[in-house]
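Okay, coords19.cif is below, mmCIF, C-alpha atoms:
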```cif
data_upload
loop_
_atom_site.label_atom_id
_atom_site.label_comp_id
_atom_site.auth_asym_id
_atom_site.auth_seq_id
_atom_site.Cartn_x
_atom_site.Cartn_y
_atom_site.Cartn_z
CA MET A 1 -102.97 -39.58 -0.61
CA SER A 2 -101.10 -41.91 1.73
CA LYS A 3 -101.13 -45.66 1.32
CA ASN A 4 -102.67 -46.01 4.80
CA ASN A 5 -105.65 -43.87 3.77
CA VAL A 6 -106.13 -45.85 0.56
CA LEU A 7 -105.96 -49.13 2.50
CA LYS A 8 -108.48 -47.76 5.00
CA GLY A 9 -110.77 -46.80 2.11
CA VAL A 10 -110.45 -50.27 0.54
CA ILE A 11 -111.40 -51.92 3.85
CA LEU A 12 -114.41 -49.61 4.31
CA VAL A 13 -115.70 -50.17 0.75
CA ALA A 14 -115.08 -53.92 1.01
CA LEU A 15 -117.06 -54.13 4.26
CA GLY A 16 -119.88 -52.06 2.74
CA ALA A 17 -120.06 -54.26 -0.36
CA THR A 18 -119.87 -57.44 1.74
CA THR A 19 -122.69 -56.23 3.99
CA TYR A 20 -124.93 -55.35 1.05
CA GLY A 21 -124.12 -58.67 -0.62
CA MET A 22 -125.73 -60.52 2.29
CA LEU A 23 -129.04 -58.68 1.96
CA ALA A 24 -130.85 -60.78 -0.67
CA THR A 25 -130.23 -63.99 1.27
CA PHE A 26 -131.92 -62.50 4.34
CA VAL A 27 -134.85 -61.38 2.18
CA LYS A 28 -135.21 -64.90 0.79
CA MET A 29 -135.15 -66.32 4.34
CA ALA A 30 -137.89 -63.88 5.35
CA TYR A 31 -139.96 -65.10 2.40
CA THR A 32 -139.64 -68.71 3.59
CA GLU A 33 -141.24 -67.63 6.88
CA GLY A 34 -144.28 -66.28 5.04
CA TYR A 35 -143.53 -62.55 5.03
CA THR A 36 -144.57 -60.57 1.95
CA THR A 37 -142.51 -58.23 -0.23
CA ALA A 38 -144.51 -55.30 1.15
CA GLU A 39 -143.71 -56.29 4.74
CA VAL A 40 -140.02 -56.81 3.97
CA THR A 41 -139.51 -53.50 2.15
CA THR A 42 -141.68 -51.46 4.53
CA SER A 43 -139.85 -52.69 7.64
CA GLN A 44 -136.48 -52.07 5.99
CA PHE A 45 -137.30 -48.49 4.97
CA VAL A 46 -139.09 -47.49 8.19
CA LEU A 47 -136.26 -48.68 10.43
CA GLY A 48 -133.67 -47.46 7.92
CA ILE A 49 -135.11 -43.93 8.00
CA ILE A 50 -135.15 -43.96 11.82
CA GLY A 51 -131.53 -45.15 11.90
CA VAL A 52 -130.27 -42.55 9.40
CA LEU A 53 -132.29 -39.84 11.17
CA ILE A 54 -130.52 -40.68 14.45
CA ILE A 55 -127.15 -40.47 12.65
CA ASN A 56 -128.10 -37.03 11.31
CA ILE A 57 -129.07 -35.82 14.79
CA PHE A 58 -125.74 -36.99 16.25
CA GLN A 59 -123.81 -35.31 13.43
CA LYS A 60 -125.70 -32.06 13.96
CA LEU A 61 -125.03 -32.11 17.72
CA LYS A 62 -121.36 -32.94 17.18
CA ASN A 63 -120.61 -30.47 14.38
CA LYS A 64 -123.24 -27.86 15.31
CA ASP A 65 -122.99 -24.96 12.84
CA LYS A 66 -120.55 -26.74 10.52
CA VAL A 67 -123.29 -28.91 8.94
CA VAL A 68 -124.53 -27.47 5.64
CA LYS A 69 -128.32 -27.40 5.74
CA ALA A 70 -130.26 -28.83 2.83
CA THR A 71 -132.34 -26.32 0.89
CA PRO A 72 -135.93 -27.10 -0.19
CA LYS A 73 -134.55 -27.61 -3.71
CA ASN A 74 -131.97 -30.11 -2.38
CA ILE A 75 -134.65 -32.00 -0.48
CA PHE A 76 -136.98 -32.19 -3.49
CA SER A 77 -134.18 -33.30 -5.85
CA LEU A 78 -132.93 -35.98 -3.45
CA MET A 79 -136.41 -37.32 -2.73
CA LEU A 80 -137.09 -37.49 -6.46
CA ALA A 81 -133.80 -39.32 -6.99
CA GLY A 82 -134.67 -41.58 -4.06
CA THR A 83 -137.73 -42.94 -5.85
CA SER A 84 -135.35 -45.03 -7.98
CA LEU A 85 -133.80 -46.33 -4.75
CA GLY A 86 -137.24 -47.53 -3.63
CA MET A 87 -137.85 -49.13 -7.01
CA THR A 88 -134.49 -50.92 -6.88
CA SER A 89 -135.35 -52.55 -3.54
CA LEU A 90 -138.83 -53.53 -4.70
CA PHE A 91 -137.76 -54.93 -8.06
CA TYR A 92 -134.76 -56.78 -6.61
CA TYR A 93 -136.80 -58.35 -3.81
CA LEU A 94 -139.54 -59.34 -6.25
CA ALA A 95 -136.88 -60.91 -8.48
CA VAL A 96 -135.42 -63.14 -5.76
CA LYS A 97 -138.94 -64.26 -4.94
CA PHE A 98 -139.07 -66.08 -8.29
CA ILE A 99 -135.42 -66.89 -9.04
CA PRO A 100 -132.37 -67.94 -6.98
CA VAL A 101 -130.41 -65.20 -5.19
CA SER A 102 -127.28 -66.18 -7.14
CA ILE A 103 -129.13 -65.36 -10.39
CA GLY A 104 -130.76 -62.22 -8.99
CA ILE A 105 -127.44 -60.60 -8.06
CA VAL A 106 -126.04 -61.37 -11.52
CA LEU A 107 -129.02 -59.61 -13.12
CA LEU A 108 -128.52 -56.64 -10.77
CA MET A 109 -124.91 -56.41 -11.99
CA GLN A 110 -126.19 -55.58 -15.48
CA THR A 111 -125.79 -52.01 -14.23
CA VAL A 112 -122.29 -52.26 -15.73
CA TRP A 113 -123.48 -52.11 -19.35
CA MET A 114 -126.62 -50.12 -18.52
CA GLY A 115 -124.41 -47.44 -16.97
CA VAL A 116 -122.30 -47.29 -20.13
CA LEU A 117 -125.46 -46.98 -22.25
CA LEU A 118 -126.94 -44.25 -20.04
CA GLU A 119 -123.64 -42.35 -20.04
CA MET A 120 -123.56 -42.53 -23.85
CA ILE A 121 -127.11 -41.14 -24.09
CA LEU A 122 -126.60 -38.34 -21.54
CA GLU A 123 -123.16 -37.25 -22.73
CA LYS A 124 -123.95 -37.89 -26.43
CA LYS A 125 -120.67 -39.60 -27.21
CA LEU A 126 -119.60 -43.13 -28.00
CA PRO A 127 -118.04 -45.19 -25.19
CA SER A 128 -114.34 -46.05 -25.27
CA LYS A 129 -113.09 -49.37 -26.64
CA GLN A 130 -112.22 -50.33 -23.06
CA LYS A 131 -115.86 -49.94 -21.97
CA VAL A 132 -117.21 -51.73 -25.05
CA ILE A 133 -114.94 -54.73 -24.33
CA ALA A 134 -116.10 -54.69 -20.70
CA VAL A 135 -119.75 -54.71 -21.80
CA PHE A 136 -119.26 -57.78 -24.00
CA ILE A 137 -117.43 -59.56 -21.17
CA VAL A 138 -120.35 -58.77 -18.82
CA LEU A 139 -122.90 -60.12 -21.30
CA PHE A 140 -120.90 -63.31 -21.87
CA GLY A 141 -120.33 -63.67 -18.13
CA THR A 142 -124.06 -63.25 -17.53
CA VAL A 143 -124.85 -66.08 -19.94
CA LEU A 144 -122.52 -68.36 -17.97
CA ALA A 145 -123.49 -67.08 -14.51
CA THR A 146 -127.23 -67.55 -15.09
CA ASN A 147 -126.58 -71.01 -16.59
CA ILE A 148 -129.21 -70.43 -19.29
CA LEU A 149 -127.31 -72.56 -21.82
CA LYS A 150 -128.37 -75.68 -19.94
CA ASN A 151 -131.59 -77.06 -21.34
CA ASP A 152 -132.73 -78.42 -17.97
CA ILE A 153 -132.55 -74.98 -16.32
CA VAL A 154 -135.85 -73.10 -16.45
CA LEU A 155 -135.84 -69.65 -14.90
CA ASP A 156 -139.15 -67.98 -14.03
CA TRP A 157 -139.58 -65.14 -16.55
CA ARG A 158 -141.08 -62.94 -13.82
CA GLY A 159 -137.85 -63.09 -11.85
CA ILE A 160 -135.79 -62.19 -14.93
CA VAL A 161 -138.03 -59.20 -15.75
CA TRP A 162 -137.94 -57.91 -12.16
CA GLY A 163 -134.16 -58.46 -12.04
CA VAL A 164 -133.55 -56.44 -15.22
CA LEU A 165 -135.85 -53.67 -13.93
CA ALA A 166 -133.89 -53.66 -10.65
CA ALA A 167 -130.66 -53.20 -12.60
CA ALA A 168 -132.19 -50.33 -14.61
CA SER A 169 -133.44 -48.51 -11.52
CA PHE A 170 -130.14 -49.15 -9.70
CA THR A 171 -128.29 -47.59 -12.64
CA THR A 172 -130.48 -44.49 -12.28
CA THR A 173 -129.82 -44.41 -8.53
CA MET A 174 -126.05 -44.53 -8.99
CA PHE A 175 -126.05 -41.72 -11.54
CA THR A 176 -128.32 -39.42 -9.55
CA ALA A 177 -126.69 -40.17 -6.18
CA ASN A 178 -123.34 -38.88 -7.44
CA ARG A 179 -124.76 -35.75 -9.05
CA VAL A 180 -127.60 -34.43 -6.87
CA ALA A 181 -127.00 -32.08 -3.90
CA THR A 182 -123.41 -33.20 -3.38
CA GLU A 183 -122.68 -30.12 -1.25
CA ILE A 184 -124.59 -31.47 1.78
CA SER A 185 -123.51 -34.31 4.08
CA PRO A 186 -123.86 -37.96 2.96
CA ALA A 187 -126.09 -38.64 5.98
CA GLN A 188 -128.55 -35.91 4.92
CA ARG A 189 -128.49 -37.12 1.33
CA SER A 190 -129.17 -40.70 2.44
CA LEU A 191 -132.07 -39.58 4.63
CA PHE A 192 -133.89 -37.62 1.91
CA MET A 193 -133.27 -40.34 -0.69
CA LEU A 194 -134.72 -42.90 1.73
CA LEU A 195 -137.76 -40.66 2.27
CA GLY A 196 -138.24 -40.49 -1.49
CA GLY A 197 -137.85 -44.26 -1.81
CA SER A 198 -140.32 -44.84 1.01
CA ILE A 199 -143.07 -43.18 -1.05
CA ILE A 200 -142.66 -45.92 -3.67
CA VAL A 201 -142.38 -48.68 -1.07
CA PHE A 202 -145.38 -47.55 0.99
CA THR A 203 -147.52 -47.10 -2.13
CA PHE A 204 -146.62 -50.62 -3.26
CA GLY A 205 -147.47 -51.99 0.19
CA PHE A 206 -150.80 -50.18 0.29
CA ILE A 207 -151.79 -51.59 -3.11
CA THR A 208 -150.52 -55.18 -2.76
CA GLN A 209 -150.86 -56.07 0.93
CA VAL A 210 -154.22 -57.88 1.02
CA THR A 211 -153.65 -59.65 4.36
CA PRO A 212 -153.17 -57.89 7.73
CA PHE A 213 -149.66 -56.45 8.01
CA ASN A 214 -147.52 -58.74 10.17
CA LEU A 215 -145.78 -56.34 12.58
CA ALA A 216 -143.48 -59.15 13.75
CA ILE A 217 -141.36 -58.46 10.66
CA PHE A 218 -139.94 -55.34 12.33
CA LEU A 219 -138.23 -57.28 15.11
CA LYS A 220 -137.70 -60.53 13.22
CA TRP A 221 -136.11 -59.23 10.01
CA GLY A 222 -136.63 -55.45 9.82
CA ILE A 223 -133.62 -54.56 11.98
CA ILE A 224 -131.30 -56.85 10.00
CA LEU A 225 -132.60 -55.66 6.62
CA SER A 226 -132.34 -51.97 7.54
CA LEU A 227 -128.81 -52.37 8.90
CA PHE A 228 -127.54 -54.46 5.97
CA GLY A 229 -129.50 -52.60 3.29
CA THR A 230 -130.00 -48.94 4.16
CA ILE A 231 -127.70 -47.95 7.04
CA ILE A 232 -124.31 -49.72 7.12
CA PRO A 233 -123.44 -50.01 3.37
CA PRO A 234 -124.10 -46.33 2.46
CA ILE A 235 -122.15 -45.09 5.48
CA LEU A 236 -119.14 -47.32 4.77
CA MET A 237 -119.24 -46.56 1.03
CA ASN A 238 -119.48 -42.79 1.62
CA LEU A 239 -116.49 -42.98 3.99
CA GLY A 240 -114.46 -45.29 1.77
CA PHE A 241 -114.94 -43.94 -1.78
CA PRO A 242 -113.29 -40.53 -1.13
CA LEU A 243 -110.20 -42.42 0.08
CA THR A 244 -110.03 -44.98 -2.74
CA GLY A 245 -111.34 -42.93 -5.64
CA ILE A 246 -114.14 -44.04 -7.94
CA GLY A 247 -112.04 -46.50 -9.97
CA LEU A 248 -110.53 -48.53 -7.15
CA GLY A 249 -113.73 -48.20 -5.11
CA SER A 250 -115.82 -49.65 -7.93
CA ILE A 251 -113.47 -52.61 -8.26
CA VAL A 252 -113.56 -53.34 -4.52
CA SER A 253 -117.35 -52.95 -4.38
CA ALA A 254 -117.63 -55.81 -6.90
CA LEU A 255 -117.09 -58.06 -3.85
CA GLU A 256 -120.85 -57.80 -3.43
CA LEU A 257 -121.31 -60.33 -6.25
CA PRO A 258 -119.29 -63.32 -4.91
CA VAL A 259 -120.42 -62.60 -1.33
CA SER A 260 -124.08 -62.70 -2.35
CA VAL A 261 -123.58 -65.98 -4.23
CA MET A 262 -121.63 -67.53 -1.35
CA MET A 263 -124.31 -66.52 1.16
CA ALA A 264 -127.00 -68.13 -1.01
CA PHE A 265 -124.83 -71.23 -1.38
CA VAL A 266 -124.19 -71.58 2.37
CA LEU A 267 -127.49 -70.45 3.93
CA LEU A 268 -130.01 -71.29 1.18
CA ASN A 269 -128.26 -74.36 -0.26
CA GLU A 270 -128.50 -72.90 -3.77
CA LYS A 271 -126.56 -74.94 -6.30
CA VAL A 272 -123.78 -72.98 -8.01
CA ILE A 273 -121.81 -74.88 -10.65
CA LEU A 274 -118.33 -74.18 -12.06
CA THR A 275 -119.53 -72.40 -15.21
CA GLN A 276 -121.54 -70.00 -13.05
CA TRP A 277 -118.46 -69.15 -11.01
CA ILE A 278 -116.54 -68.54 -14.25
CA GLY A 279 -119.34 -66.16 -15.33
CA ILE A 280 -119.16 -64.32 -12.00
CA ILE A 281 -115.38 -63.96 -12.32
CA LEU A 282 -115.83 -62.57 -15.85
CA ILE A 283 -118.29 -59.94 -14.60
CA ILE A 284 -115.84 -58.88 -11.88
CA LEU A 285 -113.07 -58.80 -14.53
CA ALA A 286 -115.23 -56.49 -16.67
CA ILE A 287 -115.67 -54.10 -13.74
CA ILE A 288 -111.89 -54.06 -13.24
CA ILE A 289 -111.29 -53.39 -16.96
CA MET A 290 -113.75 -50.49 -16.89
CA ASN A 291 -112.04 -48.83 -13.95
CA ILE A 292 -108.33 -49.32 -14.67
CA ASN A 293 -106.38 -46.74 -16.62
CA PHE A 294 -104.19 -48.73 -19.02
CA LYS A 295 -102.43 -45.64 -20.34
CA ARG A 296 -99.05 -45.24 -18.66
CA LYS A 297 -98.03 -41.82 -17.54
CA ILE A 298 -94.89 -40.62 -19.26
#
```
For this file, produce the structure as structure tokens.
Amino acid sequence: MSKNNVLKGVILVALGATTYGMLATFVKMAYTEGYTTAEVTTSQFVLGIIGVLIINIFQKLKNKDKVVKATPKNIFSLMLAGTSLGMTSLFYYLAVKFIPVSIGIVLLMQTVWMGVLLEMILEKKLPSKQKVIAVFIVLFGTVLATNILKNDIVLDWRGIVWGVLAAASFTTTMFTANRVATEISPAQRSLFMLLGGSIIVFTFGFITQVTPFNLAIFLKWGIILSLFGTIIPPILMNLGFPLTGIGLGSIVSALELPVSVMMAFVLLNEKVILTQWIGIILIILAIIIMNINFKRKI
């Protein structure tokens, strides 16, 4: 693979991670205007599905018979896998309702050690020393990044619970997304996963939305949330990862963490102290350690 292709892949993945890193700040801003979690998630998924559907139509018209059609089994598997995608959005947005965005993104990054644990259970083998070291670095970095050692910092337990649940569901999403119906186009896979996630989101909205649904959310925040959450990042990631490879792509995608914290710092005026930045750097370091091959080729 040429260096130009790798560089192109790095840029695409970096833009995708940066875009997704901005999402939670926009959600928090929507909350300050009185919109509910149900309104935020519903608008994001409805407009996201429409956007991805349009992309699929354009691809079908452009490539005609070259597009591999999804089988009923593919559709069912992807929609089932997509339920975890819906849960991730719900849990993450509920988390940032109770805790700062800078803390919420750190909790979401617990997918690093959760992924190692899930891999160990599914493959029935112990993780490498490299991964174990990375896990301990993540845990130590999390302690610093959440600033829980300070006695005057009190985090709402509801936000922590929702944040951990978001990380767990995101871990499931990542594993299933890379293993289910990989023979069909990324655009089709995204569409059916979004449809599966929408079942969770719409059910949540139906149960929890006690006030009349504010349709203004679609124009006010829905377009931004769908673009930054369900349309642009998956497209850029799907284009970039094949060029970078999983290892380098995972390292570059860690940009989501500092971008999310910086957005919260600039737009929400969230206080982020030095020890928190050190914790964030440690988490990024752990991701790098997990994805670098230290063994030299002879």
With all atoms listed in the file as the counted atoms, please give the residues lying no more than 10 Å from Leu239 of chain A, apart from itself and same-chain residues fewer than 4 positions off, as a ChimeraX atom specification. /A:8-9,12-13,16,186,233-235,243-244
Could you write out as a PyMOL selection string the residues that the PyMOL selection byres ((chain A and resi 156) around 10) matches in the shown file? chain A and resi 95+97-100+153-155+157-161
Can you spit out the residues from that selection as an mmCIF file, in the coordinates of the input, using C-alpha atoms?
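File selection-v6.cif, as written:
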```cif
data_model
loop_
_atom_site.group_PDB
_atom_site.id
_atom_site.type_symbol
_atom_site.label_atom_id
_atom_site.label_comp_id
_atom_site.auth_asym_id
_atom_site.auth_seq_id
_atom_site.Cartn_x
_atom_site.Cartn_y
_atom_site.Cartn_z
ATOM 1 C CA ALA A 95 -136.880 -60.910 -8.480
ATOM 2 C CA LYS A 97 -138.940 -64.260 -4.940
ATOM 3 C CA PHE A 98 -139.070 -66.080 -8.290
ATOM 4 C CA ILE A 99 -135.420 -66.890 -9.040
ATOM 5 C CA PRO A 100 -132.370 -67.940 -6.980
ATOM 6 C CA ILE A 153 -132.550 -74.980 -16.320
ATOM 7 C CA VAL A 154 -135.850 -73.100 -16.450
ATOM 8 C CA LEU A 155 -135.840 -69.650 -14.900
ATOM 9 C CA TRP A 157 -139.580 -65.140 -16.550
ATOM 10 C CA ARG A 158 -141.080 -62.940 -13.820
ATOM 11 C CA GLY A 159 -137.850 -63.090 -11.850
ATOM 12 C CA ILE A 160 -135.790 -62.190 -14.930
ATOM 13 C CA VAL A 161 -138.030 -59.200 -15.750
#
```
Give me the result of the PyMOL selection byres ((chain A and resi 112-118) around 9) on this file, residue by residue, as a list in words. Met109, Gln110, Thr111, Glu119, Met120, Ile121, Leu122, Glu123, Pro127, Lys131, Val132, Ala134, Val135, Phe136, Val138, Leu139, Ala167, Ala168, Thr171, Thr172, Met174, Phe175, Ile283, Ala286, Ile287 and Met290 of chain A
Proximity of segment 224-263 of chain A to segment 268-277 of chain A: per-residue shortest pair, 12 Å limit, all atoms listed in the file, as JSON lines:
```
{"residue": "A:Leu257", "atom": "CA", "partner": "A:Trp277", "partner_atom": "CA", "distance": 10.4}
{"residue": "A:Pro258", "atom": "CA", "partner": "A:Trp277", "partner_atom": "CA", "distance": 8.5}
{"residue": "A:Val259", "atom": "CA", "partner": "A:Trp277", "partner_atom": "CA", "distance": 11.9}
{"residue": "A:Ser260", "atom": "CA", "partner": "A:Leu268", "partner_atom": "CA", "distance": 11.0}
{"residue": "A:Val261", "atom": "CA", "partner": "A:Val272", "partner_atom": "CA", "distance": 8.0}
{"residue": "A:Met262", "atom": "CA", "partner": "A:Val272", "partner_atom": "CA", "distance": 8.9}
{"residue": "A:Met263", "atom": "CA", "partner": "A:Leu268", "partner_atom": "CA", "distance": 7.4}
```
Atoms kept (C-alpha atoms) for selection, written as a PDB file, in the frame of the given file:
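New file part05.pdb:
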```
ATOM      1  CA  LEU A 257    -121.310 -60.330  -6.250  1.00  0.00           C
ATOM      2  CA  PRO A 258    -119.290 -63.320  -4.910  1.00  0.00           C
ATOM      3  CA  VAL A 259    -120.420 -62.600  -1.330  1.00  0.00           C
ATOM      4  CA  SER A 260    -124.080 -62.700  -2.350  1.00  0.00           C
ATOM      5  CA  VAL A 261    -123.580 -65.980  -4.230  1.00  0.00           C
ATOM      6  CA  MET A 262    -121.630 -67.530  -1.350  1.00  0.00           C
ATOM      7  CA  MET A 263    -124.310 -66.520   1.160  1.00  0.00           C
TER       8      MET A 263
END
```
List the residues selected by the PyMOL selection byres ((chain A and resi 80) around 10) in the file shown, writing them as a tab-separated table (two decimals) with C-alpha atoms, keeping the file's coordinate frame.
```
chain	number	residue	atom	x	y	z
A	74	ASN	CA	-131.97	-30.11	-2.38
A	75	ILE	CA	-134.65	-32.00	-0.48
A	76	PHE	CA	-136.98	-32.19	-3.49
A	77	SER	CA	-134.18	-33.30	-5.85
A	78	LEU	CA	-132.93	-35.98	-3.45
A	79	MET	CA	-136.41	-37.32	-2.73
A	81	ALA	CA	-133.80	-39.32	-6.99
A	82	GLY	CA	-134.67	-41.58	-4.06
A	83	THR	CA	-137.73	-42.94	-5.85
A	84	SER	CA	-135.35	-45.03	-7.98
A	85	LEU	CA	-133.80	-46.33	-4.75
A	176	THR	CA	-128.32	-39.42	-9.55
A	180	VAL	CA	-127.60	-34.43	-6.87
A	192	PHE	CA	-133.89	-37.62	1.91
A	193	MET	CA	-133.27	-40.34	-0.69
A	195	LEU	CA	-137.76	-40.66	2.27
A	196	GLY	CA	-138.24	-40.49	-1.49
A	197	GLY	CA	-137.85	-44.26	-1.81
A	199	ILE	CA	-143.07	-43.18	-1.05
```
Separation of atom CA of Val52 of chain A and atom CA of Leu219 of chain A, in Å? 17.7 Å
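Each of A:Thr208, A:Ser185, A:Thr146, A:Ser198 was compared to Lys66 of chain A using all atoms listed in the file, and A:Ser185 turns out to be the nearest.
Nearest residue to Val201 of chain A among A:Thr41, A:Leu227, A:Leu53, A:Gly249 is A:Thr41, counting all atoms listed in the file.
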For atom CA of Gly141 of chain A and atom CA of Phe241 of chain A, determine how far apart the two atoms are, in Å to one decimal place. 26.2 Å
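Here the question is which of A:Leu236, A:Leu90, A:Leu194, A:Leu282 gets nearest to Ala254 of chain A using only C-alpha atoms, and that residue is A:Leu282.
Considering the residues A:Met87, A:Ala181, A:Ile148, A:Leu191 and counting only C-alpha atoms, Gly163 of chain A has its shortest atom-to-atom contact with A:Met87.
Taking all atoms listed in the file into account, Leu267 of chain A lies nearest to A:Ala24 out of the set A:Ile224, A:Val106, A:Ala24, A:Ile54.
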What gap, in Å, lies between atom CA of Leu94 of chain A and atom CA of Phe170 of chain A? 14.3 Å
Would you place a box with edges along x, y and z of the file around all atoms of segment 3-21 of chain A listed there, add 6 Å to each of its six sides, and report the centre and edge lengths in Å to one decimal, as lines of an AutoDock Vina configuration file?
```
center_x = -113.0
center_y = -51.3
center_z = 2.2
size_x = 35.8
size_y = 26.8
size_z = 17.6
```
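Among the candidates A:Val210, A:Ile137, A:Val6, A:Ile223, the residue lying nearest to Ile281 of chain A is A:Ile137 (atoms considered: all atoms listed in the file).
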Just segment 264-275 of chain A, please, as a PDB file, in the first residue's frame (only N, CA and C atoms).
```
ATOM      1  N   ALA A 264     -16.101  20.628  24.680  1.00  0.00           N
ATOM      2  CA  ALA A 264     -16.809  20.913  25.936  1.00  0.00           C
ATOM      3  C   ALA A 264     -16.164  22.089  26.664  1.00  0.00           C
ATOM      4  N   PHE A 265     -14.838  22.160  26.583  1.00  0.00           N
ATOM      5  CA  PHE A 265     -14.094  23.244  27.234  1.00  0.00           C
ATOM      6  C   PHE A 265     -14.410  24.593  26.581  1.00  0.00           C
ATOM      7  N   VAL A 266     -14.451  24.614  25.250  1.00  0.00           N
ATOM      8  CA  VAL A 266     -14.639  25.863  24.503  1.00  0.00           C
ATOM      9  C   VAL A 266     -16.101  26.299  24.473  1.00  0.00           C
ATOM     10  N   LEU A 267     -17.013  25.387  24.142  1.00  0.00           N
ATOM     11  CA  LEU A 267     -18.418  25.757  23.932  1.00  0.00           C
ATOM     12  C   LEU A 267     -19.276  25.667  25.197  1.00  0.00           C
ATOM     13  N   LEU A 268     -18.898  24.774  26.123  1.00  0.00           N
ATOM     14  CA  LEU A 268     -19.720  24.593  27.333  1.00  0.00           C
ATOM     15  C   LEU A 268     -19.040  25.159  28.579  1.00  0.00           C
ATOM     16  N   ASN A 269     -17.818  25.652  28.401  1.00  0.00           N
ATOM     17  CA  ASN A 269     -17.047  26.205  29.529  1.00  0.00           C
ATOM     18  C   ASN A 269     -16.839  25.189  30.648  1.00  0.00           C
ATOM     19  N   GLU A 270     -16.700  23.914  30.276  1.00  0.00           N
ATOM     20  CA  GLU A 270     -16.420  22.888  31.286  1.00  0.00           C
ATOM     21  C   GLU A 270     -14.966  23.015  31.742  1.00  0.00           C
ATOM     22  N   LYS A 271     -14.770  22.915  33.034  1.00  0.00           N
ATOM     23  CA  LYS A 271     -13.420  23.040  33.595  1.00  0.00           C
ATOM     24  C   LYS A 271     -12.672  21.715  33.432  1.00  0.00           C
ATOM     25  N   VAL A 272     -11.509  21.783  32.815  1.00  0.00           N
ATOM     26  CA  VAL A 272     -10.663  20.598  32.645  1.00  0.00           C
ATOM     27  C   VAL A 272      -9.276  20.930  33.184  1.00  0.00           C
ATOM     28  N   ILE A 273      -8.897  20.265  34.277  1.00  0.00           N
ATOM     29  CA  ILE A 273      -7.626  20.575  34.936  1.00  0.00           C
ATOM     30  C   ILE A 273      -6.494  19.696  34.376  1.00  0.00           C
ATOM     31  N   LEU A 274      -5.269  20.005  34.784  1.00  0.00           N
ATOM     32  CA  LEU A 274      -4.076  19.341  34.256  1.00  0.00           C
ATOM     33  C   LEU A 274      -4.106  17.827  34.457  1.00  0.00           C
ATOM     34  N   THR A 275      -4.494  17.388  35.657  1.00  0.00           N
ATOM     35  CA  THR A 275      -4.509  15.942  35.924  1.00  0.00           C
ATOM     36  C   THR A 275      -5.488  15.211  35.000  1.00  0.00           C
TER      37      THR A 275
END
```
